[in-house]
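**Student:** File follows, data-v5.cif with mmCIF, C-alpha atoms:
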data_model
loop_
_atom_site.group_PDB
_atom_site.id
_atom_site.type_symbol
_atom_site.label_atom_id
_atom_site.label_comp_id
_atom_site.auth_asym_id
_atom_site.auth_seq_id
_atom_site.Cartn_x
_atom_site.Cartn_y
_atom_site.Cartn_z
ATOM 1 C CA MET A 268 51.394 38.995 73.819
ATOM 2 C CA PHE A 269 50.797 35.263 73.688
ATOM 3 C CA LYS A 270 49.996 34.105 77.236
ATOM 4 C CA TYR A 271 52.303 31.068 77.102
ATOM 5 C CA GLU A 272 54.977 32.596 74.911
ATOM 6 C CA HIS A 273 57.651 31.783 77.473
ATOM 7 C CA ILE A 274 57.049 28.064 76.870
ATOM 8 C CA LEU A 275 58.161 28.427 73.266
ATOM 9 C CA THR A 276 61.629 29.435 74.416
ATOM 10 C CA GLN A 277 62.158 26.485 76.744
ATOM 11 C CA PRO A 278 64.591 23.691 75.709
ATOM 12 C CA VAL A 279 62.005 21.066 76.611
ATOM 13 C CA PHE A 280 59.655 22.523 73.983
ATOM 14 C CA PHE A 281 62.256 22.116 71.248
ATOM 15 C CA LEU A 282 62.903 18.569 72.425
ATOM 16 C CA PHE A 283 59.183 17.842 72.232
ATOM 17 C CA VAL A 284 58.974 19.229 68.694
ATOM 18 C CA ALA A 285 62.034 17.254 67.603
ATOM 19 C CA PHE A 286 60.684 14.075 69.186
ATOM 20 C CA SER A 287 57.297 14.522 67.501
ATOM 21 C CA PHE A 288 58.982 15.105 64.155
ATOM 22 C CA LEU A 289 61.084 11.966 64.637
ATOM 23 C CA LEU A 290 58.019 9.832 65.410
ATOM 24 C CA THR A 291 56.187 11.233 62.374
ATOM 25 C CA PHE A 292 59.163 10.533 60.137
ATOM 26 C CA GLY A 293 59.423 7.016 61.581
ATOM 27 C CA TYR A 294 55.742 6.365 60.940
ATOM 28 C CA PHE A 295 55.933 7.127 57.227
ATOM 29 C CA TRP A 296 59.337 5.450 56.821
ATOM 30 C CA GLY A 297 58.147 2.302 58.573
ATOM 31 C CA ARG A 298 54.912 2.041 56.578
ATOM 32 C CA ARG A 299 56.807 2.453 53.316
ATOM 33 C CA HIS A 300 59.438 -0.117 54.287
ATOM 34 C CA ASN A 301 56.830 -2.696 55.351
ATOM 35 C CA LYS A 302 54.872 -2.136 52.155
ATOM 36 C CA GLU A 303 58.005 -2.786 50.112
ATOM 37 C CA ILE A 304 58.601 -6.077 51.963
ATOM 38 C CA PHE A 305 54.981 -7.171 51.505
ATOM 39 C CA LEU A 306 54.877 -6.318 47.790
ATOM 40 C CA SER A 307 58.223 -7.987 47.124
ATOM 41 C CA ALA A 308 57.209 -11.168 48.964
ATOM 42 C CA PHE A 309 53.791 -11.495 47.328
ATOM 43 C CA ASN A 310 55.133 -10.679 43.854
ATOM 44 C CA ASP A 311 57.643 -13.489 44.388
ATOM 45 C CA LEU A 312 54.791 -15.842 45.331
ATOM 46 C CA MET A 313 53.057 -14.992 42.055
ATOM 47 C CA GLU A 314 56.292 -15.603 40.173
ATOM 48 C CA VAL A 315 56.797 -19.044 41.731
ATOM 49 C CA PHE A 316 53.236 -20.423 41.711
ATOM 50 C CA HIS A 317 51.649 -18.695 38.682
ATOM 51 C CA PRO A 318 48.131 -18.941 40.155
ATOM 52 C CA ASP A 319 45.007 -18.863 38.013
ATOM 53 C CA ASP A 320 43.288 -16.579 40.510
ATOM 54 C CA GLN A 321 44.264 -14.785 43.707
ATOM 55 C CA THR A 322 42.969 -12.569 46.494
ATOM 56 C CA PHE A 323 44.901 -10.300 48.827
ATOM 57 C CA THR A 324 43.660 -9.058 52.197
ATOM 58 C CA ASN A 325 45.036 -6.602 54.712
ATOM 59 C CA ILE A 326 44.773 -8.187 58.160
ATOM 60 C CA GLY A 327 46.821 -5.863 60.335
ATOM 61 C CA GLY A 328 47.193 -2.316 59.086
ATOM 62 C CA ALA A 329 50.845 -1.829 58.184
ATOM 63 C CA ILE A 330 52.016 -5.142 59.619
ATOM 64 C CA GLY A 331 49.836 -7.942 58.242
ATOM 65 C CA TYR A 332 48.624 -9.248 54.880
ATOM 66 C CA HIS A 333 47.094 -12.491 53.656
ATOM 67 C CA ALA A 334 46.978 -14.033 50.188
ATOM 68 C CA ASN A 335 44.970 -16.897 48.674
ATOM 69 C CA LEU A 336 46.361 -18.271 45.420
ATOM 70 C CA PHE A 337 44.206 -20.723 43.464
ATOM 71 C CA ILE A 338 45.758 -23.246 41.080
ATOM 72 C CA ARG A 339 43.412 -24.945 38.631
ATOM 73 C CA LYS A 340 45.892 -26.226 36.074
ATOM 74 C CA LYS A 341 45.361 -29.832 35.056
ATOM 75 C CA GLY A 342 48.038 -32.109 36.479
ATOM 76 C CA ALA A 343 49.179 -29.644 39.170
ATOM 77 C CA PHE A 344 49.888 -31.308 42.508
ATOM 78 C CA LEU A 345 48.574 -28.230 44.365
ATOM 79 C CA SER A 346 45.086 -26.792 44.471
ATOM 80 C CA ARG A 347 45.672 -23.703 46.602
ATOM 81 C CA VAL A 348 48.362 -21.733 48.383
ATOM 82 C CA ASP A 349 47.654 -19.542 51.416
ATOM 83 C CA ALA A 350 50.278 -17.091 52.582
ATOM 84 C CA THR A 351 50.317 -14.813 55.608
ATOM 85 C CA ILE A 352 52.981 -12.198 56.221
ATOM 86 C CA THR A 353 53.372 -10.426 59.547
ATOM 87 C CA MET A 354 55.964 -7.714 59.912
ATOM 88 C CA LEU A 355 57.612 -5.822 62.720
ATOM 89 C CA PRO A 356 55.920 -2.481 63.547
ATOM 90 C CA ARG A 357 58.570 -0.326 61.904
ATOM 91 C CA HIS A 358 56.078 2.554 61.735
ATOM 92 C CA SER A 359 55.909 2.697 65.558
ATOM 93 C CA TRP A 360 59.376 3.603 66.768
ATOM 94 C CA LEU A 361 58.262 3.479 70.403
ATOM 95 C CA TYR A 362 57.127 -0.152 70.185
ATOM 96 C CA PHE A 363 59.492 -1.359 67.455
ATOM 97 C CA PRO A 364 62.472 -2.118 69.780
ATOM 98 C CA ILE A 365 60.246 -4.204 72.076
ATOM 99 C CA SER A 366 58.751 -6.092 69.141
ATOM 100 C CA LYS A 367 62.203 -6.662 67.698
ATOM 101 C CA LEU A 368 63.347 -8.135 70.993
ATOM 102 C CA ILE A 369 60.318 -10.432 71.331
ATOM 103 C CA ARG A 370 59.486 -11.414 67.744
ATOM 104 C CA LYS A 371 62.973 -10.846 66.264
ATOM 105 C CA TYR A 372 61.983 -10.776 62.580
ATOM 106 C CA ASP A 373 59.243 -10.575 59.978
ATOM 107 C CA ARG A 374 57.432 -13.832 59.243
ATOM 108 C CA LEU A 375 56.022 -15.432 56.132
ATOM 109 C CA PHE A 376 53.851 -18.525 56.611
ATOM 110 C CA ILE A 377 52.977 -20.476 53.466
ATOM 111 C CA GLU A 378 50.443 -23.320 53.371
ATOM 112 C CA LEU A 379 50.296 -25.505 50.262
ATOM 113 C CA TYR A 380 47.179 -27.633 49.790
ATOM 114 C CA VAL A 381 48.053 -30.821 47.907
ATOM 115 C CA LYS A 382 45.540 -32.814 45.883
ATOM 116 C CA ASN A 383 46.822 -36.220 46.975
ATOM 117 C CA LYS A 384 47.650 -37.185 50.531
ATOM 118 C CA PRO A 385 51.436 -37.529 51.019
ATOM 119 C CA GLU A 386 52.603 -40.910 52.237
ATOM 120 C CA GLU A 387 54.898 -39.699 55.018
ATOM 121 C CA GLU A 388 55.368 -36.791 57.386
ATOM 122 C CA CYS A 389 58.693 -34.971 57.472
ATOM 123 C CA HIS A 390 60.176 -31.723 58.730
ATOM 124 C CA LEU A 391 63.275 -29.602 58.362
ATOM 125 C CA ILE A 392 63.228 -27.009 61.144
ATOM 126 C CA GLU A 393 66.000 -24.642 62.128
ATOM 127 C CA LYS A 394 67.223 -25.196 65.682
ATOM 128 C CA GLN A 395 66.717 -21.636 66.990
ATOM 129 C CA TYR A 396 63.322 -21.244 65.335
ATOM 130 C CA SER A 397 62.151 -24.559 66.817
ATOM 131 C CA ARG A 398 62.364 -22.974 70.274
ATOM 132 C CA PHE A 399 59.681 -20.384 69.515
ATOM 133 C CA ALA A 400 56.152 -20.917 70.753
ATOM 134 C CA GLY A 401 54.011 -22.241 67.939
ATOM 135 C CA ALA A 402 56.942 -23.873 66.169
ATOM 136 C CA LYS A 403 56.648 -27.166 68.019
ATOM 137 C CA ILE A 404 56.037 -30.329 65.990
ATOM 138 C CA ALA A 405 53.015 -32.333 67.105
ATOM 139 C CA GLY A 406 53.753 -36.033 67.325
ATOM 140 C CA ALA A 407 57.495 -35.550 66.962
ATOM 141 C CA GLY A 408 58.076 -38.510 69.280
ATOM 142 C CA ARG A 409 56.898 -41.009 66.683
ATOM 143 C CA LEU A 410 59.285 -39.689 64.021
ATOM 144 C CA ASN A 411 62.972 -40.409 63.543
ATOM 145 C CA THR A 412 65.104 -37.372 64.232
ATOM 146 C CA GLU A 413 68.549 -36.221 63.220
ATOM 147 C CA THR A 414 70.501 -32.995 63.500
ATOM 148 C CA VAL A 415 72.057 -31.741 60.278
ATOM 149 C CA THR A 416 74.108 -28.742 59.233
ATOM 150 C CA TRP A 417 72.529 -26.795 56.410
ATOM 151 C CA GLY A 418 74.714 -23.934 55.331
ATOM 152 C CA ALA A 419 75.548 -21.858 58.387
ATOM 153 C CA TYR A 420 72.564 -23.178 60.350
ATOM 154 C CA THR A 421 71.720 -26.236 62.404
ATOM 155 C CA PHE A 422 68.458 -27.949 61.479
ATOM 156 C CA HIS A 423 66.474 -30.736 63.075
ATOM 157 C CA MET A 424 65.300 -33.317 60.546
ATOM 158 C CA TYR A 425 62.210 -35.418 61.278
ATOM 159 C CA TYR A 426 61.224 -38.288 59.012
ATOM 160 C CA GLU A 427 59.442 -41.643 58.997
ATOM 161 C CA THR A 428 61.515 -43.866 56.687
ATOM 162 C CA LEU A 429 64.956 -43.990 55.112
ATOM 163 C CA ASN A 430 63.394 -43.151 51.755
ATOM 164 C CA THR A 431 62.205 -39.755 53.009
ATOM 165 C CA HIS A 432 65.518 -39.189 54.777
ATOM 166 C CA THR A 433 67.316 -39.707 51.463
ATOM 167 C CA ARG A 434 65.063 -37.209 49.694
ATOM 168 C CA LEU A 435 65.565 -34.608 52.422
ATOM 169 C CA MET A 436 69.328 -34.980 52.289
ATOM 170 C CA ASP A 437 69.244 -34.811 48.502
ATOM 171 C CA PHE A 438 67.390 -31.506 48.720
ATOM 172 C CA ILE A 439 69.932 -30.105 51.198
ATOM 173 C CA ASN A 440 72.864 -31.229 49.054
ATOM 174 C CA ARG A 441 71.344 -29.659 45.940
ATOM 175 C CA ASN A 442 70.631 -26.421 47.799
ATOM 176 C CA PRO A 443 73.575 -25.812 50.131
ATOM 177 C CA GLU A 444 72.161 -22.622 51.687
ATOM 178 C CA PRO A 445 68.753 -22.397 53.409
ATOM 179 C CA GLY A 446 68.787 -18.629 53.047
ATOM 180 C CA ILE A 447 65.583 -17.292 54.611
ATOM 181 C CA ILE A 448 63.967 -20.725 55.110
ATOM 182 C CA ARG A 449 63.448 -21.809 58.710
ATOM 183 C CA HIS A 450 60.918 -24.634 58.435
ATOM 184 C CA ILE A 451 59.672 -27.013 55.756
ATOM 185 C CA ALA A 452 56.965 -29.498 56.725
ATOM 186 C CA ILE A 453 54.878 -32.135 54.984
ATOM 187 C CA VAL A 454 51.844 -33.223 57.003
ATOM 188 C CA PRO A 455 49.793 -36.030 55.396
ATOM 189 C CA ASP A 456 46.924 -35.874 57.908
ATOM 190 C CA GLN A 457 46.173 -32.320 56.801
ATOM 191 C CA LYS A 458 47.068 -32.854 53.124
ATOM 192 C CA LYS A 459 49.295 -29.810 53.415
ATOM 193 C CA CYS A 460 52.874 -28.658 53.121
ATOM 194 C CA PHE A 461 54.097 -25.774 55.242
ATOM 195 C CA ILE A 462 56.981 -23.399 54.652
ATOM 196 C CA PHE A 463 58.144 -20.723 57.063
ATOM 197 C CA MET A 464 60.459 -17.993 55.798
ATOM 198 C CA ILE A 465 61.848 -14.671 56.961
ATOM 199 C CA PRO A 466 60.653 -12.413 54.125
ATOM 200 C CA ARG A 467 63.377 -10.196 52.729
ATOM 201 C CA LYS A 468 63.089 -8.092 49.606
ATOM 202 C CA GLY A 469 64.086 -9.988 46.490
ATOM 203 C CA GLN A 470 64.791 -13.275 48.279
ATOM 204 C CA VAL A 471 61.482 -15.121 48.663
ATOM 205 C CA ALA A 472 61.363 -16.522 45.115
ATOM 206 C CA ARG A 473 65.059 -17.365 45.201
ATOM 207 C CA TYR A 474 64.671 -19.776 48.119
ATOM 208 C CA LEU A 475 61.041 -20.805 47.648
ATOM 209 C CA ALA A 476 61.351 -21.968 44.038
ATOM 210 C CA PRO A 477 63.756 -24.877 44.830
ATOM 211 C CA VAL A 478 61.345 -26.142 47.513
ATOM 212 C CA TYR A 479 58.450 -25.967 45.069
ATOM 213 C CA ARG A 480 60.419 -27.934 42.480
ATOM 214 C CA TRP A 481 61.401 -30.537 45.096
ATOM 215 C CA LEU A 482 57.978 -31.154 46.633
ATOM 216 C CA PRO A 483 56.632 -33.426 43.855
ATOM 217 C CA SER A 484 59.324 -35.948 44.791
ATOM 218 C CA VAL A 485 57.630 -36.430 48.173
ATOM 219 C CA VAL A 486 54.061 -35.507 47.193
ATOM 220 C CA LYS A 487 52.477 -37.612 44.478
ATOM 221 C CA LYS A 488 50.866 -35.887 41.530
ATOM 222 C CA PRO A 489 47.161 -36.594 40.921
#
Do you think you could lay out the structure here as structure tokens?
**Tutor:**
Amino acid sequence: MFKYEHILTQPVFFLFVAFSFLLTFGYFWGRRHNKEIFLSAFNDLMEVFHPDDQTFTNIGGAIGYHANLFIRKKGAFLSRVDATITMLPRHSWLYFPISKLIRKYDRLFIELYVKNKPEEECHLIEKQYSRFAGAKIAGAGRLNTETVTWGAYTFHMYYETLNTHTRLMDFINRNPEPGIIRHIAIVPDQKKCFIFMIPRKGQVARYLAPVYRWLPSVVKKP
């Protein structure tokens, strides 16, 4: 007779088995779900930017990926796009609730390298997102600021001149819903544009494409 056979009949043993099965199921479900988000987001980036070359790198197991998209087309106002996606640890059901409470959502950071230095700095940043660490705007005190309603959200608008203010408002009026966008920034000193989005399957291209079409109005072509 098996020495510890009595353990196999204890309720706690069945609970342990069920709990282990649940964690295993959660691991594979979470990895698959995160992979679907990553593939959807990066396929949308390819659809919007049509790069001439690209590289993709895993930077965090099931929760982090990075992409470099290179644009060599003559007359393009961009030379490169870097994108980093970090996702909630859906594969770890023990840590997932804590991460959800702290980080709240998946994150897609997009950096656009422009060939010509923009004339003015400007930002559209969602009010709640602006409270997160790392979302602060350096030198905000030297910019004009205004609070605007964009769809169902409240955004802070930062701009230097009335001309940029007009272009920002024109973009909002032409696109009445921000969707998954939480921050758009143009930073001349770095010759970059930044876009922060909450990546959701099938939605990145939908809300990114209008920003991409609008940027040449505030970033001069070479």
**Student:** Write out as CSV a residue-level contact list of segment 451-477 of chain A versus segment 305-314 of chain A with cut-off 12 Å: for each qualifying residue the closest pair of atoms and the distance in Å to one decimal, counting only C-alpha atoms, rows sorted by chain and residue number upward.
**Tutor:**
residue,atom,partner,partner_atom,distance
A:Met464,CA,A:Ala308,CA,10.2
A:Ile465,CA,A:Ala308,CA,9.9
A:Pro466,CA,A:Ala308,CA,6.3
A:Arg467,CA,A:Ala308,CA,7.3
A:Lys468,CA,A:Ser307,CA,5.5
A:Gly469,CA,A:Ser307,CA,6.2
A:Gln470,CA,A:Ala308,CA,7.9
A:Val471,CA,A:Ala308,CA,5.8
A:Ala472,CA,A:Asp311,CA,4.9
A:Arg473,CA,A:Asp311,CA,8.4
A:Tyr474,CA,A:Asp311,CA,10.1
A:Leu475,CA,A:Leu312,CA,8.3
A:Ala476,CA,A:Glu314,CA,9.0
**Student:** May I have the residues within 9 Å of segment 320-335 of chain A as a PyMOL selection string, using only C-alpha atoms and disregarding those fewer than 4 positions away in the same chain?
**Tutor:** chain A and resi 297-299+301-302+305+309+313+339+347-358
**Student:** Just say which residues the PyMOL selection byres ((chain A and resi 483) around 10) picks in this file, as an NGL selection string.
**Tutor:** :A and (343-345 or 381 or 385 or 478-482 or 484-488)
**Student:** With distances taken over all atoms listed in the file, which of A:Ser359, A:Glu388, A:Glu303, A:Phe337 is nearest to Lys458 of chain A?
**Tutor:**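 The shortest atom-to-atom distance to Lys458 of chain A comes from A:Glu388.
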**Student:** Take the PyMOL selection byres ((chain A and resi 443-454) around 7), run it mentally on this structure, and tell me the resulting residues as a PyMOL selection string.
**Tutor:** chain A and resi 388-393+396+417-418+439-442+455-466+474
**Student:** Calculate how many Å separate atom CA of Lys341 of chain A from atom CA of Glu378 of chain A, rounding to one decimal.
**Tutor:** 20.1 Å
**Student:** Please, what distance in Å, to one decimal, runs between atom CA of Pro318 of chain A and atom CA of Leu336 of chain A?
**Tutor:**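 Computing the Euclidean distance for atom CA of Pro318 of chain A and atom CA of Leu336 of chain A yields 5.6 Å.
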**Student:** Between atom CA of Pro364 of chain A and atom CA of Ile404 of chain A, what is the distance, to one decimal in Å?
**Tutor:**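 These two atoms are separated by 29.2 Å.
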**Student:** May I ask which of the residues A:Leu410, A:Ile369, A:Ile304, A:Leu379 is the closest one to Phe316 of chain A, counting only C-alpha atoms?
**Tutor:**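 Of A:Leu410, A:Ile369, A:Ile304, A:Leu379, the one nearest Phe316 of chain A, counting only C-alpha atoms, is A:Leu379.
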**Student:** Could you get me a file of segment 474-486 of chain A with all heavy atoms, as an mmCIF file, in the first residue's frame, taken from the block above?
**Tutor:**
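Writing the result to result.cif gives the following:
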data_model
loop_
_atom_site.group_PDB
_atom_site.id
_atom_site.type_symbol
_atom_site.label_atom_id
_atom_site.label_comp_id
_atom_site.auth_asym_id
_atom_site.auth_seq_id
_atom_site.Cartn_x
_atom_site.Cartn_y
_atom_site.Cartn_z
ATOM 1 N N TYR A 474 -7.147 54.246 -34.705
ATOM 2 C CA TYR A 474 -6.927 55.533 -34.042
ATOM 3 C C TYR A 474 -5.541 56.122 -34.316
ATOM 4 O O TYR A 474 -5.350 57.329 -34.139
ATOM 5 C CB TYR A 474 -7.152 55.382 -32.534
ATOM 6 C CG TYR A 474 -8.592 55.099 -32.206
ATOM 7 C CD1 TYR A 474 -9.028 53.817 -31.891
ATOM 8 C CD2 TYR A 474 -9.545 56.117 -32.258
ATOM 9 C CE1 TYR A 474 -10.364 53.553 -31.614
ATOM 10 C CE2 TYR A 474 -10.880 55.863 -31.986
ATOM 11 C CZ TYR A 474 -11.287 54.585 -31.667
ATOM 12 O OH TYR A 474 -12.615 54.331 -31.412
ATOM 13 N N LEU A 475 -4.604 55.296 -34.747
ATOM 14 C CA LEU A 475 -3.273 55.805 -35.059
ATOM 15 C C LEU A 475 -3.226 56.473 -36.427
ATOM 16 O O LEU A 475 -2.551 57.502 -36.597
ATOM 17 C CB LEU A 475 -2.261 54.662 -34.999
ATOM 18 C CG LEU A 475 -0.814 54.988 -35.371
ATOM 19 C CD1 LEU A 475 -0.243 56.066 -34.447
ATOM 20 C CD2 LEU A 475 0.038 53.722 -35.314
ATOM 21 N N ALA A 476 -3.923 55.917 -37.392
ATOM 22 C CA ALA A 476 -3.866 56.435 -38.764
ATOM 23 C C ALA A 476 -4.254 57.920 -38.856
ATOM 24 O O ALA A 476 -3.568 58.689 -39.543
ATOM 25 C CB ALA A 476 -4.741 55.591 -39.683
ATOM 26 N N PRO A 477 -5.318 58.382 -38.185
ATOM 27 C CA PRO A 477 -5.646 59.817 -38.248
ATOM 28 C C PRO A 477 -4.539 60.705 -37.683
ATOM 29 O O PRO A 477 -4.300 61.805 -38.192
ATOM 30 C CB PRO A 477 -6.922 59.932 -37.406
ATOM 31 C CG PRO A 477 -7.541 58.574 -37.458
ATOM 32 C CD PRO A 477 -6.373 57.630 -37.467
ATOM 33 N N VAL A 478 -3.840 60.243 -36.641
ATOM 34 C CA VAL A 478 -2.729 61.024 -36.091
ATOM 35 C C VAL A 478 -1.608 61.102 -37.115
ATOM 36 O O VAL A 478 -1.016 62.176 -37.339
ATOM 37 C CB VAL A 478 -2.207 60.388 -34.786
ATOM 38 C CG1 VAL A 478 -1.058 61.224 -34.213
ATOM 39 C CG2 VAL A 478 -3.321 60.256 -33.755
ATOM 40 N N TYR A 479 -1.314 59.998 -37.750
ATOM 41 C CA TYR A 479 -0.248 59.954 -38.754
ATOM 42 C C TYR A 479 -0.555 60.881 -39.926
ATOM 43 O O TYR A 479 0.344 61.546 -40.456
ATOM 44 C CB TYR A 479 -0.078 58.513 -39.213
ATOM 45 C CG TYR A 479 1.043 58.291 -40.200
ATOM 46 C CD1 TYR A 479 2.307 58.824 -39.982
ATOM 47 C CD2 TYR A 479 0.839 57.520 -41.343
ATOM 48 C CE1 TYR A 479 3.341 58.607 -40.879
ATOM 49 C CE2 TYR A 479 1.863 57.303 -42.242
ATOM 50 C CZ TYR A 479 3.117 57.846 -42.007
ATOM 51 O OH TYR A 479 4.134 57.632 -42.908
ATOM 52 N N ARG A 480 -1.822 60.930 -40.324
ATOM 53 C CA ARG A 480 -2.200 61.823 -41.427
ATOM 54 C C ARG A 480 -2.142 63.284 -41.007
ATOM 55 O O ARG A 480 -1.889 64.172 -41.824
ATOM 56 C CB ARG A 480 -3.615 61.475 -41.920
ATOM 57 C CG ARG A 480 -3.715 60.132 -42.621
ATOM 58 C CD ARG A 480 -5.036 59.999 -43.345
ATOM 59 N NE ARG A 480 -6.177 60.013 -42.426
ATOM 60 C CZ ARG A 480 -6.743 58.920 -41.943
ATOM 61 N NH1 ARG A 480 -6.269 57.717 -42.272
ATOM 62 N NH2 ARG A 480 -7.778 59.003 -41.119
ATOM 63 N N TRP A 481 -2.368 63.555 -39.723
ATOM 64 C CA TRP A 481 -2.396 64.931 -39.218
ATOM 65 C C TRP A 481 -1.011 65.509 -38.958
ATOM 66 O O TRP A 481 -0.786 66.710 -39.110
ATOM 67 C CB TRP A 481 -3.225 64.970 -37.931
ATOM 68 C CG TRP A 481 -3.165 66.245 -37.172
ATOM 69 C CD1 TRP A 481 -3.818 67.425 -37.459
ATOM 70 C CD2 TRP A 481 -2.419 66.525 -35.976
ATOM 71 N NE1 TRP A 481 -3.530 68.376 -36.510
ATOM 72 C CE2 TRP A 481 -2.667 67.856 -35.592
ATOM 73 C CE3 TRP A 481 -1.568 65.742 -35.189
ATOM 74 C CZ2 TRP A 481 -2.092 68.431 -34.461
ATOM 75 C CZ3 TRP A 481 -0.988 66.304 -34.067
ATOM 76 C CH2 TRP A 481 -1.254 67.637 -33.713
ATOM 77 N N LEU A 482 -0.060 64.657 -38.592
ATOM 78 C CA LEU A 482 1.254 65.149 -38.176
ATOM 79 C C LEU A 482 1.963 66.040 -39.192
ATOM 80 O O LEU A 482 2.614 67.007 -38.786
ATOM 81 C CB LEU A 482 2.154 63.954 -37.822
ATOM 82 C CG LEU A 482 1.902 63.306 -36.454
ATOM 83 C CD1 LEU A 482 2.768 62.080 -36.266
ATOM 84 C CD2 LEU A 482 2.110 64.305 -35.323
ATOM 85 N N PRO A 483 1.883 65.785 -40.489
ATOM 86 C CA PRO A 483 2.569 66.686 -41.432
ATOM 87 C C PRO A 483 2.105 68.142 -41.342
ATOM 88 O O PRO A 483 2.828 69.044 -41.764
ATOM 89 C CB PRO A 483 2.230 66.081 -42.801
ATOM 90 C CG PRO A 483 2.044 64.637 -42.531
ATOM 91 C CD PRO A 483 1.355 64.585 -41.180
ATOM 92 N N SER A 484 0.927 68.382 -40.789
ATOM 93 C CA SER A 484 0.466 69.766 -40.676
ATOM 94 C C SER A 484 1.221 70.520 -39.588
ATOM 95 O O SER A 484 1.228 71.751 -39.581
ATOM 96 C CB SER A 484 -1.036 69.787 -40.353
ATOM 97 O OG SER A 484 -1.312 69.357 -39.030
ATOM 98 N N VAL A 485 1.865 69.803 -38.687
ATOM 99 C CA VAL A 485 2.647 70.448 -37.625
ATOM 100 C C VAL A 485 4.125 70.076 -37.686
ATOM 101 O O VAL A 485 4.932 70.606 -36.941
ATOM 102 C CB VAL A 485 2.088 70.091 -36.216
ATOM 103 C CG1 VAL A 485 0.776 70.798 -35.972
ATOM 104 C CG2 VAL A 485 1.913 68.581 -36.064
ATOM 105 N N VAL A 486 4.463 69.152 -38.585
ATOM 106 C CA VAL A 486 5.860 68.756 -38.792
ATOM 107 C C VAL A 486 6.165 68.932 -40.273
ATOM 108 O O VAL A 486 5.565 68.287 -41.117
ATOM 109 C CB VAL A 486 6.107 67.286 -38.396
ATOM 110 C CG1 VAL A 486 7.559 66.902 -38.706
ATOM 111 C CG2 VAL A 486 5.801 67.067 -36.926
#
